[in-house]
2 protein chains.
Amino acid sequence: MNKPPKKIDLMSEQERNDYHAKKMEKKKAARDKMLATKTKEKGLIIVHTGKGKGKSTAAFGMVFRALGHGFKIGIVQFVKGKWGTGERDILEKFPEQVTIKAMGEGFTWDTQDRARDIRAAKAAWEMAKEMIMDKSYKMILLDELNICLRYDYLDIKEVVEFLKNKPIDTHVIITGRNAKEELIEIADLVTEMSMIKHPFRSGIKAQAGIEF
Amino acid sequence: MNKPPKKIDLMSEQERNDYHAKKMEKKKAARDKMLATKTKEKGLIIVHTGKGKGKSTAAFGMVFRALGHGFKIGIVQFVKGKWGTGERDILEKFPEQVTIKAMGEGFTWDTQDRARDIRAAKAAWEMAKEMIMDKSYKMILLDELNICLRYDYLDIKEVVEFLKNKPIDTHVIITGRNAKEELIEIADLVTEMSMIKHPFRSGIKAQAGIEF
């Protein structure tokens, strides 16, 4: 069965260009109007969650973007050993701007020790609170905090209450799958990363520059 | 109505720790077994798509991770002006390792000129092909290529055919919403970023370190 040709396929190149220009003019007008209503500035609570890749990597990208703006940035890794040498080596080139604290003890399936995990999570959270309250930091990344909340190593109520009262200008980025509803509730920006296709499926191993 | 207590809530702290250790031991064994089957290494075709944020930012994070490993990296921006000063300033600190080509002419709703957009897209694609074939580059980022494919500024068949025959060790990262099926088909790793919550909703404007 033949489909009827689309209107756009019957146009000459010139007609198509004109049609495009009109459509884009409308799109720009709508966008400009929308942007004009956005006038507030404040430190955001940002959550990267979902089962896909890119949660920590996008946070890491934001850290670099903020570095480019001259911001001071604090990073607390709630799960140690997750970041590879690539990330660390490059962040260590900016010692005046970046402070990294790796407080965790590896993924919880590596330690297999719940009591130790809880102690590590609590110590990391104390460190995070201190950094967030220090207004010289403009951005704080709490990497894999969600995993500690998911296993109830930390009290979600306490974390939410603290974040609601953070210094107004400080951006806080939280990563990890299974973000709790209570956290999403208070966040300004929430992105879910979903896996559509993963190279493990084709038997390809973790590689430098990609996974670590 | 009272729910019956969960088995885990009736456990003592010690029982809960033991239960956790057993569960995590199993999880680690399953994970180790899975990882042992992943033995191949090769340059990947990576796609970041979806309507959420973090597509370019996660790619940018991968570029920095690769920088940390000492890789040479090529970046072609198919839409000029999308990256802010934060990104550029920081990448320019690594001139021996990073080459950036901003070939586009702004978002298509800014230019409103389809013929010019097509010329710019074609020039950017020529540049991209040259970089990909140059084996001194270990990673190539084609930022917002998807937007050019979506509007058929570039022929998806030609792009797919070229990428299928790229040098085996080179990683190619492609970003932009509305990734075409044909591209997803040949990709090794595809992540979709979805927007769950966006600060525009609360009237907050684009801010340094977050959007640019």
# chains A, B, ... in the order shown; residues from 1 in each chain; ligands from 1
>>> select_by_dssp(residues="chain B", states="strand (DSSP E or B)", output="number ranges by chain")
B: 40, 45-49, 73-77, 98-102, 139-143, 171-175, 189-197, 204
>>> write_last_selection(atoms="N, CA and C atoms", output="short mmCIF file (atom, residue, chain, number, x, y, z; two decimals), in the first residue's frame")
data_model
loop_
_atom_site.label_atom_id
_atom_site.label_comp_id
_atom_site.auth_asym_id
_atom_site.auth_seq_id
_atom_site.Cartn_x
_atom_site.Cartn_y
_atom_site.Cartn_z
N LYS B 40 36.16 -8.38 25.74
CA LYS B 40 36.55 -7.64 24.54
C LYS B 40 36.78 -6.17 24.84
N ILE B 45 30.58 3.17 19.96
CA ILE B 45 29.69 4.23 19.48
C ILE B 45 28.69 4.47 20.60
N ILE B 46 28.72 5.67 21.14
CA ILE B 46 27.93 6.00 22.33
C ILE B 46 26.93 7.09 21.97
N VAL B 47 25.68 6.90 22.35
CA VAL B 47 24.64 7.89 22.05
C VAL B 47 23.98 8.36 23.34
N HIS B 48 23.93 9.67 23.53
CA HIS B 48 23.17 10.27 24.64
C HIS B 48 21.97 10.99 24.03
N THR B 49 20.78 10.52 24.33
CA THR B 49 19.61 11.14 23.73
C THR B 49 18.54 11.38 24.79
N ILE B 73 41.65 14.03 22.10
CA ILE B 73 40.21 14.08 21.91
C ILE B 73 39.82 15.15 20.91
N GLY B 74 38.90 14.80 20.04
CA GLY B 74 38.37 15.77 19.07
C GLY B 74 36.90 16.07 19.36
N ILE B 75 36.53 17.33 19.30
CA ILE B 75 35.14 17.72 19.55
C ILE B 75 34.63 18.52 18.35
N VAL B 76 33.52 18.08 17.78
CA VAL B 76 32.87 18.88 16.74
C VAL B 76 31.50 19.30 17.28
N GLN B 77 31.30 20.59 17.36
CA GLN B 77 30.00 21.10 17.82
C GLN B 77 29.15 21.41 16.60
N VAL B 98 43.19 18.43 23.33
CA VAL B 98 41.82 18.64 22.85
C VAL B 98 41.77 19.58 21.65
N THR B 99 41.07 19.18 20.62
CA THR B 99 40.79 20.05 19.48
C THR B 99 39.28 20.26 19.43
N ILE B 100 38.85 21.52 19.44
CA ILE B 100 37.41 21.82 19.37
C ILE B 100 37.11 22.56 18.07
N LYS B 101 36.12 22.07 17.35
CA LYS B 101 35.66 22.78 16.16
C LYS B 101 34.19 23.12 16.34
N ALA B 102 33.88 24.39 16.39
CA ALA B 102 32.48 24.82 16.48
C ALA B 102 32.04 25.18 15.08
N MET B 139 39.16 9.58 21.09
CA MET B 139 37.74 9.85 21.36
C MET B 139 37.28 11.07 20.57
N ILE B 140 36.13 10.92 19.94
CA ILE B 140 35.56 12.04 19.17
C ILE B 140 34.15 12.30 19.68
N LEU B 141 33.87 13.54 20.02
CA LEU B 141 32.53 13.92 20.46
C LEU B 141 31.84 14.71 19.35
N LEU B 142 30.72 14.18 18.89
CA LEU B 142 29.93 14.88 17.86
C LEU B 142 28.70 15.46 18.55
N ASP B 143 28.89 16.66 19.08
CA ASP B 143 27.86 17.25 19.94
C ASP B 143 26.70 17.79 19.11
N HIS B 171 36.62 5.80 20.10
CA HIS B 171 35.29 6.00 20.69
C HIS B 171 34.62 7.21 20.04
N VAL B 172 33.36 7.06 19.65
CA VAL B 172 32.61 8.19 19.09
C VAL B 172 31.37 8.42 19.94
N ILE B 173 31.24 9.62 20.46
CA ILE B 173 30.07 9.97 21.29
C ILE B 173 29.19 10.93 20.51
N ILE B 174 27.92 10.62 20.46
CA ILE B 174 26.96 11.45 19.71
C ILE B 174 25.87 11.90 20.66
N THR B 175 25.58 13.20 20.67
CA THR B 175 24.55 13.69 21.58
C THR B 175 23.40 14.35 20.82
N LEU B 189 26.37 1.70 23.12
CA LEU B 189 25.91 2.19 24.43
C LEU B 189 24.97 3.36 24.17
N VAL B 190 23.72 3.21 24.59
CA VAL B 190 22.73 4.26 24.38
C VAL B 190 22.07 4.60 25.71
N THR B 191 22.11 5.86 26.07
CA THR B 191 21.47 6.29 27.31
C THR B 191 20.45 7.36 26.98
N GLU B 192 19.29 7.22 27.58
CA GLU B 192 18.25 8.24 27.39
C GLU B 192 18.12 9.06 28.67
N MET B 193 18.25 10.37 28.52
CA MET B 193 18.08 11.27 29.65
C MET B 193 16.65 11.82 29.60
N SER B 194 15.88 11.58 30.66
CA SER B 194 14.50 12.09 30.71
C SER B 194 14.39 13.16 31.78
N MET B 195 13.57 14.16 31.48
CA MET B 195 13.37 15.22 32.46
C MET B 195 12.24 14.85 33.41
N ILE B 196 12.57 14.81 34.68
CA ILE B 196 11.55 14.52 35.69
C ILE B 196 11.06 15.84 36.28
N LYS B 197 11.98 16.78 36.41
CA LYS B 197 11.67 18.06 37.04
C LYS B 197 12.66 19.08 36.51
N ILE B 204 12.99 29.80 37.55
CA ILE B 204 14.42 30.03 37.77
C ILE B 204 15.14 30.05 36.43
#
>>> closest_atom_pairs(of="chain B", to="chain A", cutoff="6 Å", atoms="only C-alpha atoms", output="Markdown table")
| residue | atom | partner | partner_atom | distance |
| --- | --- | --- | --- | --- |
| B:Asn17 | CA | A:Arg114 | CA | 5.3 |
| B:Ala21 | CA | A:Gln112 | CA | 4.5 |
| B:Met24 | CA | A:Trp109 | CA | 4.5 |
| B:Lys28 | CA | A:Trp109 | CA | 5.3 |
| B:Lys38 | CA | A:Gly203 | CA | 4.4 |
| B:Thr39 | CA | A:Lys205 | CA | 5.3 |
| B:Lys40 | CA | A:Ile204 | CA | 4.5 |
| B:Glu41 | CA | A:Ile204 | CA | 5.7 |
| B:Gly54 | CA | A:Ala58 | CA | 5.5 |
| B:Thr57 | CA | A:Ala58 | CA | 4.9 |
| B:Ala58 | CA | A:Ala58 | CA | 3.6 |
| B:Phe60 | CA | A:Gly61 | CA | 5.3 |
| B:Gly61 | CA | A:Gly61 | CA | 3.9 |
| B:Arg65 | CA | A:Gly86 | CA | 4.7 |
| B:Ala66 | CA | A:Gly209 | CA | 4.3 |
| B:Gly68 | CA | A:Gly86 | CA | 4.0 |
| B:His69 | CA | A:Gly86 | CA | 5.1 |
| B:Gly86 | CA | A:Gly68 | CA | 4.0 |
| B:Glu87 | CA | A:Arg65 | CA | 5.0 |
| B:Asp89 | CA | A:Gly68 | CA | 5.6 |
| B:Ile90 | CA | A:Gly68 | CA | 5.0 |
| B:Trp109 | CA | A:Met24 | CA | 4.5 |
| B:Gln112 | CA | A:Ala21 | CA | 4.5 |
| B:Asp113 | CA | A:Ala21 | CA | 5.8 |
| B:Arg114 | CA | A:Asn17 | CA | 5.4 |
| B:Asp188 | CA | A:Pro199 | CA | 5.1 |
| B:Leu189 | CA | A:His198 | CA | 4.6 |
| B:Val190 | CA | A:Lys197 | CA | 4.8 |
| B:Thr191 | CA | A:Met195 | CA | 4.9 |
| B:Glu192 | CA | A:Ser194 | CA | 5.1 |
| B:Met193 | CA | A:Met193 | CA | 4.6 |
| B:Ser194 | CA | A:Glu192 | CA | 5.1 |
| B:Met195 | CA | A:Thr191 | CA | 4.9 |
| B:Ile196 | CA | A:Val190 | CA | 5.2 |
| B:Lys197 | CA | A:Val190 | CA | 4.8 |
| B:His198 | CA | A:Leu189 | CA | 4.6 |
| B:Pro199 | CA | A:Asp188 | CA | 5.1 |
| B:Gly203 | CA | A:Lys38 | CA | 4.4 |
| B:Ile204 | CA | A:Lys40 | CA | 4.5 |
| B:Lys205 | CA | A:Lys38 | CA | 4.5 |
| B:Gly209 | CA | A:Ala66 | CA | 4.3 |
>>> atom_distance(atom1="CA of Tyr137 in chain B", atom2="CA of Tyr153 in chain B")
25.7 Å
>>> atom_distance(atom1="CA of Cys148 in chain A", atom2="CA of Phe94 in chain A")
28.3 Å
>>> select_by_dssp(residues="range 97-141 of chain A", states="alpha helix (DSSP H)", output="PyMOL selection string")
chain A and resi 108-111+114-133
>>> atom_distance(atom1="CA of Ile186 in chain B", atom2="CA of Lys164 in chain B")
7.2 Å
>>> residues_around(residues="Leu163 in chain B", least_positions_apart="3", cutoff="9 Å", atoms="only C-alpha atoms", output="JSON, numbers by chain")
{"B": [45, 129, 132, 158, 159, 160, 166, 167, 172, 186]}
>>> write_last_selection(atoms="N, CA and C atoms", output="short mmCIF file (atom, residue, chain, number, x, y, z; two decimals), in the first residue's frame")
data_model
loop_
_atom_site.label_atom_id
_atom_site.label_comp_id
_atom_site.auth_asym_id
_atom_site.auth_seq_id
_atom_site.Cartn_x
_atom_site.Cartn_y
_atom_site.Cartn_z
N ILE B 45 30.58 3.17 19.96
CA ILE B 45 29.69 4.23 19.48
C ILE B 45 28.69 4.47 20.60
N LYS B 129 34.42 13.60 9.98
CA LYS B 129 34.97 12.41 9.29
C LYS B 129 36.49 12.43 9.31
N ILE B 132 37.72 11.59 12.80
CA ILE B 132 37.50 10.17 13.14
C ILE B 132 38.54 9.29 12.43
N GLU B 158 24.33 7.75 5.09
CA GLU B 158 25.77 8.03 4.91
C GLU B 158 26.49 8.05 6.27
N VAL B 159 25.86 8.68 7.24
CA VAL B 159 26.48 8.80 8.57
C VAL B 159 26.66 7.41 9.20
N VAL B 160 25.61 6.60 9.13
CA VAL B 160 25.66 5.25 9.71
C VAL B 160 26.73 4.40 9.00
N LYS B 166 34.34 3.04 11.08
CA LYS B 166 35.30 3.90 11.79
C LYS B 166 36.49 3.04 12.27
N PRO B 167 37.65 3.67 12.56
CA PRO B 167 38.77 2.91 13.13
C PRO B 167 38.33 2.18 14.40
N VAL B 172 33.36 7.06 19.65
CA VAL B 172 32.61 8.19 19.09
C VAL B 172 31.37 8.42 19.94
N ILE B 186 23.19 0.82 15.44
CA ILE B 186 24.62 0.51 15.33
C ILE B 186 25.41 0.91 16.59
#
>>> closest_residue(among="B:Thr170, B:Phe162, B:Lys6, B:Lys33", to="Glu126 in chain B", atoms="only C-alpha atoms")
B:Phe162
>>> decode(residues="range 41-77 of chain B", atoms="N, CA, C and O atoms", output="PDB file, in the first residue's frame")
ATOM      1  N   GLU B  41      37.688  -5.563  24.065  1.00  0.00           N
ATOM      2  CA  GLU B  41      37.877  -4.121  24.140  1.00  0.00           C
ATOM      3  C   GLU B  41      37.748  -3.558  22.751  1.00  0.00           C
ATOM      4  O   GLU B  41      38.294  -4.132  21.803  1.00  0.00           O
ATOM      5  N   LYS B  42      37.017  -2.486  22.593  1.00  0.00           N
ATOM      6  CA  LYS B  42      36.979  -1.827  21.285  1.00  0.00           C
ATOM      7  C   LYS B  42      36.422  -0.422  21.444  1.00  0.00           C
ATOM      8  O   LYS B  42      35.803  -0.091  22.461  1.00  0.00           O
ATOM      9  N   GLY B  43      36.661   0.380  20.455  1.00  0.00           N
ATOM     10  CA  GLY B  43      36.100   1.730  20.463  1.00  0.00           C
ATOM     11  C   GLY B  43      34.596   1.646  20.327  1.00  0.00           C
ATOM     12  O   GLY B  43      34.080   0.899  19.498  1.00  0.00           O
ATOM     13  N   LEU B  44      33.899   2.408  21.158  1.00  0.00           N
ATOM     14  CA  LEU B  44      32.441   2.307  21.193  1.00  0.00           C
ATOM     15  C   LEU B  44      31.775   3.454  20.439  1.00  0.00           C
ATOM     16  O   LEU B  44      32.335   4.544  20.328  1.00  0.00           O
ATOM     17  N   ILE B  45      30.575   3.169  19.957  1.00  0.00           N
ATOM     18  CA  ILE B  45      29.686   4.230  19.481  1.00  0.00           C
ATOM     19  C   ILE B  45      28.686   4.465  20.597  1.00  0.00           C
ATOM     20  O   ILE B  45      27.956   3.551  20.993  1.00  0.00           O
ATOM     21  N   ILE B  46      28.718   5.674  21.138  1.00  0.00           N
ATOM     22  CA  ILE B  46      27.930   6.001  22.326  1.00  0.00           C
ATOM     23  C   ILE B  46      26.926   7.092  21.966  1.00  0.00           C
ATOM     24  O   ILE B  46      27.297   8.080  21.330  1.00  0.00           O
ATOM     25  N   VAL B  47      25.683   6.896  22.355  1.00  0.00           N
ATOM     26  CA  VAL B  47      24.640   7.886  22.047  1.00  0.00           C
ATOM     27  C   VAL B  47      23.983   8.358  23.344  1.00  0.00           C
ATOM     28  O   VAL B  47      23.568   7.542  24.160  1.00  0.00           O
ATOM     29  N   HIS B  48      23.930   9.671  23.535  1.00  0.00           N
ATOM     30  CA  HIS B  48      23.166  10.269  24.642  1.00  0.00           C
ATOM     31  C   HIS B  48      21.972  10.987  24.033  1.00  0.00           C
ATOM     32  O   HIS B  48      22.149  11.967  23.316  1.00  0.00           O
ATOM     33  N   THR B  49      20.782  10.518  24.329  1.00  0.00           N
ATOM     34  CA  THR B  49      19.607  11.145  23.734  1.00  0.00           C
ATOM     35  C   THR B  49      18.535  11.379  24.793  1.00  0.00           C
ATOM     36  O   THR B  49      18.794  11.248  25.988  1.00  0.00           O
ATOM     37  N   GLY B  50      17.348  11.763  24.382  1.00  0.00           N
ATOM     38  CA  GLY B  50      16.259  12.048  25.323  1.00  0.00           C
ATOM     39  C   GLY B  50      16.068  13.539  25.521  1.00  0.00           C
ATOM     40  O   GLY B  50      16.910  14.349  25.112  1.00  0.00           O
ATOM     41  N   LYS B  51      14.955  13.898  26.154  1.00  0.00           N
ATOM     42  CA  LYS B  51      14.601  15.313  26.306  1.00  0.00           C
ATOM     43  C   LYS B  51      15.193  15.944  27.559  1.00  0.00           C
ATOM     44  O   LYS B  51      15.049  17.137  27.789  1.00  0.00           O
ATOM     45  N   GLY B  52      15.801  15.115  28.415  1.00  0.00           N
ATOM     46  CA  GLY B  52      16.317  15.636  29.680  1.00  0.00           C
ATOM     47  C   GLY B  52      17.654  16.337  29.508  1.00  0.00           C
ATOM     48  O   GLY B  52      18.241  16.359  28.423  1.00  0.00           O
ATOM     49  N   LYS B  53      18.138  16.877  30.621  1.00  0.00           N
ATOM     50  CA  LYS B  53      19.445  17.510  30.613  1.00  0.00           C
ATOM     51  C   LYS B  53      20.527  16.435  30.777  1.00  0.00           C
ATOM     52  O   LYS B  53      20.232  15.293  31.053  1.00  0.00           O
ATOM     53  N   GLY B  54      21.771  16.851  30.594  1.00  0.00           N
ATOM     54  CA  GLY B  54      22.869  15.944  30.902  1.00  0.00           C
ATOM     55  C   GLY B  54      23.443  15.204  29.700  1.00  0.00           C
ATOM     56  O   GLY B  54      24.428  14.497  29.850  1.00  0.00           O
ATOM     57  N   LYS B  55      22.856  15.360  28.517  1.00  0.00           N
ATOM     58  CA  LYS B  55      23.375  14.647  27.346  1.00  0.00           C
ATOM     59  C   LYS B  55      24.774  15.142  26.984  1.00  0.00           C
ATOM     60  O   LYS B  55      25.710  14.359  26.907  1.00  0.00           O
ATOM     61  N   SER B  56      24.884  16.457  26.766  1.00  0.00           N
ATOM     62  CA  SER B  56      26.198  17.021  26.444  1.00  0.00           C
ATOM     63  C   SER B  56      27.087  17.047  27.681  1.00  0.00           C
ATOM     64  O   SER B  56      28.300  16.864  27.579  1.00  0.00           O
ATOM     65  N   THR B  57      26.473  17.270  28.841  1.00  0.00           N
ATOM     66  CA  THR B  57      27.269  17.382  30.068  1.00  0.00           C
ATOM     67  C   THR B  57      27.942  16.058  30.403  1.00  0.00           C
ATOM     68  O   THR B  57      29.102  16.031  30.815  1.00  0.00           O
ATOM     69  N   ALA B  58      27.231  14.953  30.218  1.00  0.00           N
ATOM     70  CA  ALA B  58      27.836  13.642  30.473  1.00  0.00           C
ATOM     71  C   ALA B  58      28.936  13.365  29.441  1.00  0.00           C
ATOM     72  O   ALA B  58      29.969  12.776  29.766  1.00  0.00           O
ATOM     73  N   ALA B  59      28.727  13.809  28.205  1.00  0.00           N
ATOM     74  CA  ALA B  59      29.757  13.636  27.171  1.00  0.00           C
ATOM     75  C   ALA B  59      30.996  14.449  27.553  1.00  0.00           C
ATOM     76  O   ALA B  59      32.134  13.977  27.434  1.00  0.00           O
ATOM     77  N   PHE B  60      30.736  15.641  28.025  1.00  0.00           N
ATOM     78  CA  PHE B  60      31.796  16.538  28.484  1.00  0.00           C
ATOM     79  C   PHE B  60      32.560  15.888  29.648  1.00  0.00           C
ATOM     80  O   PHE B  60      33.788  15.944  29.720  1.00  0.00           O
ATOM     81  N   GLY B  61      31.837  15.240  30.551  1.00  0.00           N
ATOM     82  CA  GLY B  61      32.465  14.506  31.651  1.00  0.00           C
ATOM     83  C   GLY B  61      33.347  13.376  31.131  1.00  0.00           C
ATOM     84  O   GLY B  61      34.436  13.116  31.657  1.00  0.00           O
ATOM     85  N   MET B  62      32.893  12.677  30.077  1.00  0.00           N
ATOM     86  CA  MET B  62      33.695  11.603  29.484  1.00  0.00           C
ATOM     87  C   MET B  62      34.963  12.154  28.853  1.00  0.00           C
ATOM     88  O   MET B  62      36.021  11.532  28.914  1.00  0.00           O
ATOM     89  N   VAL B  63      34.841  13.327  28.231  1.00  0.00           N
ATOM     90  CA  VAL B  63      36.014  13.971  27.635  1.00  0.00           C
ATOM     91  C   VAL B  63      37.060  14.225  28.725  1.00  0.00           C
ATOM     92  O   VAL B  63      38.240  13.930  28.548  1.00  0.00           O
ATOM     93  N   PHE B  64      36.606  14.706  29.888  1.00  0.00           N
ATOM     94  CA  PHE B  64      37.553  14.994  30.968  1.00  0.00           C
ATOM     95  C   PHE B  64      38.166  13.737  31.554  1.00  0.00           C
ATOM     96  O   PHE B  64      39.338  13.707  31.898  1.00  0.00           O
ATOM     97  N   ARG B  65      37.348  12.711  31.650  1.00  0.00           N
ATOM     98  CA  ARG B  65      37.864  11.433  32.138  1.00  0.00           C
ATOM     99  C   ARG B  65      38.944  10.932  31.160  1.00  0.00           C
ATOM    100  O   ARG B  65      40.017  10.491  31.572  1.00  0.00           O
ATOM    101  N   ALA B  66      38.679  11.039  29.869  1.00  0.00           N
ATOM    102  CA  ALA B  66      39.637  10.603  28.848  1.00  0.00           C
ATOM    103  C   ALA B  66      40.900  11.468  28.878  1.00  0.00           C
ATOM    104  O   ALA B  66      42.016  10.975  28.691  1.00  0.00           O
ATOM    105  N   LEU B  67      40.722  12.760  29.151  1.00  0.00           N
ATOM    106  CA  LEU B  67      41.867  13.665  29.316  1.00  0.00           C
ATOM    107  C   LEU B  67      42.772  13.155  30.426  1.00  0.00           C
ATOM    108  O   LEU B  67      43.998  13.166  30.302  1.00  0.00           O
ATOM    109  N   GLY B  68      42.136  12.711  31.507  1.00  0.00           N
ATOM    110  CA  GLY B  68      42.882  12.180  32.643  1.00  0.00           C
ATOM    111  C   GLY B  68      43.696  10.950  32.289  1.00  0.00           C
ATOM    112  O   GLY B  68      44.701  10.648  32.924  1.00  0.00           O
ATOM    113  N   HIS B  69      43.247  10.230  31.263  1.00  0.00           N
ATOM    114  CA  HIS B  69      43.995   9.053  30.801  1.00  0.00           C
ATOM    115  C   HIS B  69      45.028   9.403  29.740  1.00  0.00           C
ATOM    116  O   HIS B  69      45.672   8.520  29.182  1.00  0.00           O
ATOM    117  N   GLY B  70      45.114  10.694  29.418  1.00  0.00           N
ATOM    118  CA  GLY B  70      46.119  11.136  28.448  1.00  0.00           C
ATOM    119  C   GLY B  70      45.710  10.995  26.992  1.00  0.00           C
ATOM    120  O   GLY B  70      46.526  11.165  26.086  1.00  0.00           O
ATOM    121  N   PHE B  71      44.416  10.694  26.744  1.00  0.00           N
ATOM    122  CA  PHE B  71      43.943  10.540  25.360  1.00  0.00           C
ATOM    123  C   PHE B  71      43.926  11.873  24.626  1.00  0.00           C
ATOM    124  O   PHE B  71      43.747  12.921  25.233  1.00  0.00           O
ATOM    125  N   LYS B  72      44.041  11.778  23.304  1.00  0.00           N
ATOM    126  CA  LYS B  72      43.788  12.941  22.451  1.00  0.00           C
ATOM    127  C   LYS B  72      42.311  12.892  22.050  1.00  0.00           C
ATOM    128  O   LYS B  72      41.788  11.828  21.715  1.00  0.00           O
ATOM    129  N   ILE B  73      41.649  14.035  22.097  1.00  0.00           N
ATOM    130  CA  ILE B  73      40.207  14.082  21.910  1.00  0.00           C
ATOM    131  C   ILE B  73      39.819  15.152  20.906  1.00  0.00           C
ATOM    132  O   ILE B  73      40.337  16.265  20.947  1.00  0.00           O
ATOM    133  N   GLY B  74      38.895  14.803  20.036  1.00  0.00           N
ATOM    134  CA  GLY B  74      38.366  15.775  19.072  1.00  0.00           C
ATOM    135  C   GLY B  74      36.904  16.066  19.364  1.00  0.00           C
ATOM    136  O   GLY B  74      36.141  15.160  19.679  1.00  0.00           O
ATOM    137  N   ILE B  75      36.535  17.329  19.296  1.00  0.00           N
ATOM    138  CA  ILE B  75      35.139  17.719  19.545  1.00  0.00           C
ATOM    139  C   ILE B  75      34.635  18.517  18.351  1.00  0.00           C
ATOM    140  O   ILE B  75      35.265  19.490  17.943  1.00  0.00           O
ATOM    141  N   VAL B  76      33.522  18.084  17.780  1.00  0.00           N
ATOM    142  CA  VAL B  76      32.866  18.877  16.744  1.00  0.00           C
ATOM    143  C   VAL B  76      31.504  19.302  17.280  1.00  0.00           C
ATOM    144  O   VAL B  76      30.684  18.463  17.632  1.00  0.00           O
ATOM    145  N   GLN B  77      31.298  20.591  17.359  1.00  0.00           N
ATOM    146  CA  GLN B  77      30.004  21.103  17.821  1.00  0.00           C
ATOM    147  C   GLN B  77      29.146  21.412  16.601  1.00  0.00           C
ATOM    148  O   GLN B  77      29.433  22.336  15.859  1.00  0.00           O
TER     149      GLN B  77
END
